[in-house]
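Engineer: The structure that follows is given in the form of structure tokens.
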Amino acid sequence: MELKSDNTSCCSNSKPEKVEFNILNETNSCCNSQNNDEETFTTSSCCNKEGEVSQAKSSCCSSVEEPQDEDNLVASGEKVEYLIHGMDCPSCALTIEKGLSKLNDIEEVKVNYNTAKLQVVGKTNNSFDTLENEIQKLGYTIEPLKQNNYVKTYNVEGMDCGSCAKSIENHLNTIPGVKSVNVNFSTGKMKVEHENGEEEIISEVSKIGFKASLLSKNSKQTQLTKKNNDNGLIIMSGILIALGFIGSYTGISSMMSNLLYAVAMVISGYKPVKSAFYSIKSRSLDMNVLMSVAAIGAALIGEWLEGATVVWLFSLGTTLQNKSIEKTRNSIRNLMDLAPQEAWTKAGTELIKKSVEDVSVGDIVVIKPGDRIPLDGVLLQGESSVNQAPITGESIPVDKVIGDTVYAGTINESGSLEIKVTKLVEDTTISKIIHLVEEAQEQKAPTQAFVDKFASIYTPIVFVLALAVMVLPPLLNFGTWGEWFYKGLELLVVACPCALVISTPIAIVSAIGNAAKNGVLIKGGTFLETAGSINAIAFDKTGTLTEGKPKVSEIKTLNTLEEELLSITLTLEDYSTHPIAKTIVEYAKIKGIQPKNGELFKSIVGKGVQATIDGVVHYAGNVKLFEELKIPLDNIKSQVLNIQSEGKTVVIIGNEKEVLGVISVSDTLRKTSVKGLQGLKQVGIKEVVMLTGDNEGTAKMISSEANVSRFFAELMPEDKVEAIKQLQKEGYKVAMVGDGINDAPALATADLGIAMGGAGTDTAMETADIVLMADNLEKLPHTINLSRKALALIKQNIWFSLIVKFIALALIFPGWLTLWIAVLSDTGAAIIVILNALRLLKVK
């Protein structure tokens, strides 16, 4: 038996597998038996080799016969996610990565600037408090994304020293049901992992003279207070600088002015200097380091006003950047608030309010008019219109009847509904959308990767150049030390690549957020850039341009009435499983047609069906069947050929003596297809191509209705791949639009794969680069247009950032650039770049 980790356990008798935990989830365990069945226990537990469960505080076992591989131990591969607050450019993310990498037992650190998320892989020794302290040293704040249900956070009042915290810990550790306690004196917070009630914990804390209260999950007061405090400090330091500046012209002594500047520097510069110290320790060269060196250097050469203005402008710029960037992050985070956190579940005749996490598949959930649907499910009772805009981007409500699928986060417009839950909260369509969008934000686009690489080379070069400017010219008697030291400080400020590195990711996140709100999932910046360069789009016909469901399009009668013909056809086809037969049966039933008494039903493979009705044998089938039966077709043969030339399928109905009529069935064009294709041509798509396995006649008819540029007919799946390759050889950048299942090879071959109807199929969401959540091709022109605008804005931002930098560099050596103008050019450029990118959120 092997025992790994302090309090976390997992055992496997077959093969080790990676299990994810939250940072405080230290007692959950899992056992994986040889048949790969998995059980999770709420108390810490262990399975022995006989498979029995025994209670233990912290343990894990594996079969003696099959010891675990050291490389796959769960304890050393725990992955935890957090939200980081305060990052205003990608270099901040790099600083945090380097700072945390030096902690013991940390195997991997990944910080994503776009999503403001931190992923830590390592052993459980590193508590949240350890990470929180390290993050705070770097000048940021952190909060866990998920918490163990058994770990509760409390506010504790009355502590006045560290020994108080220790007393609380020691006391609670003696209480049965308490697994672990961590009390932080400086924050006044207590994290307790316990199985007993919250009231008992609060009562026990009060026994030793302190007051505890459960921290609300939705509490944002601390963060809000901190932001308000930061704003107050910026205002205060700005007032001090203004007083010092005015005083220098109204007779106040220079010493007093410099004192005011010094105080302002301390107020505004404390946080960046502190962050710079820990950045240097982690060998990271970020903007905090550059700005801090510039400000301190200015003070050393007596430029107190310059130094104070540098840190004040830097703090102000950082605050404005954070506020602007939060808008883009919130565009995605708002998706998470769409689905309600609680649901009314039906238990017999009673309604019970439950957290959505506690609702199981198969439970019956009741939704009142005007409420949001909490989980994906199938409608059991009631009828209503449901606003599916959060999922599909369609603003027009969809009528739902019994048997229809409904999605979490959508709005029940009218009528009370009962749904049977089909997916757990983590598996709902809205959860998958959020997951896909967050993953998309984490993928670097080619432009972003290039800019990041450029910035990583540019900054050290300019930093070294700044040091050379400070030292070499005065050594060579080309000026005074003070003069060149000042120029070097200006170079340090110009070395900040903030506006440049922020130019691409903010634009990409804004565009992806806009698309998600409109029911289009773009799975990454790479695909966003590719969509902007597409000039040809190929469409699968069935299920993409057309409905994919055949419908009765025309009825021709001979020697009988239409109602009589439909009654005979219903009798014949009702026993058939063929899709066309089902279509005709459905049509007849909608019309209220009643079947006749039939007997001796027989299916004629590949030709049709027969049955005896009122003593007469009747048939329904194709031309070949009636020709073999030698039933005369002279009077309708030409009509049948004309109908078939239009791409329609013909069903002939008759008896042993004559033909009674003809019913034609066809796949109809989607209502949105024509408008969608017209929109694509308006946004500059040169070739709109249709790919189909149907015959030439059908393809020609549909292509003329849809107004496509060209079509390829009678294609097998592999032929569709060849058609895509042919377009690429002709010099086109090709996107393929299909249903994400049978078109997978063509979707993979195209430069961009676009799947239809992600709300209905998981496969569509997994296979393509872009997913249209609704079966609506009118979303495509918006997607292409949005992508092109994003590319244009990215180019604008990059060129603007570079031009500002080069102008600043050029103005240093003639002595025209001051230190505070250098800071203003850097932070100002970053804010302008962000605001420019935010315009993508408003693209209609």
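Labels for the structure tokens follow display order: chains A, B, ..., residues from 1 in each chain, ligands from 1.
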Using only C-alpha atoms, which protein or nucleic acid residues come within 10 Å of A:Thr141? Drop anything in the same chain fewer than 3 positions from it, and give the result as a PyMOL selection string.
Structural biologist: chain A and resi 83-87+131-138+223
Engineer: DSSP on the backbone, then: every residue of stretch 493-656 of chain A marked strand (DSSP E), written as a ChimeraX atom specification.
Structural biologist: /A:520-522,536-540,546-557,598-604,608-613,616-621,649-655
Engineer: Which is closer to A:Val721 than all the others in A:Gly269, A:Gly513, A:Pro745, A:Gly525, using only C-alpha atoms?
Structural biologist: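 With only C-alpha atoms as the atom set, the closest residue is A:Pro745.
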Engineer: From the list A:Glu413, A:Asp452, A:Asp769, A:Asp826, which residue is nearest A:Ser801 when using only C-alpha atoms?
Structural biologist: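 That would be A:Asp826, the residue with the smallest distance to A:Ser801.
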Engineer: Taking only C-alpha atoms into account, name the residue in A:Leu243, A:Leu118, A:Val605, A:Ile613 that is nearest to A:Glu143.
Structural biologist: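 Smallest distance to A:Glu143 is found for A:Leu118.
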Engineer: Determine which residues of stretch 530-768 of chain A DSSP labels as helix (DSSP H, G or I) from the backbone of this structure, then write them out as a ChimeraX atom specification.
Structural biologist: /A:530-533,541-545,562-573,579-590,623-628,637-645,671-682,696-706,717-729,744-749,762-767
Engineer: Can you pull out the residues contacting A:Lys152? Cut-off 7 Å, using only C-alpha atoms, and skip same-chain residues under 2 positions away; I want them as a ChimeraX atom specification.
Structural biologist: /A:150,154,191-193
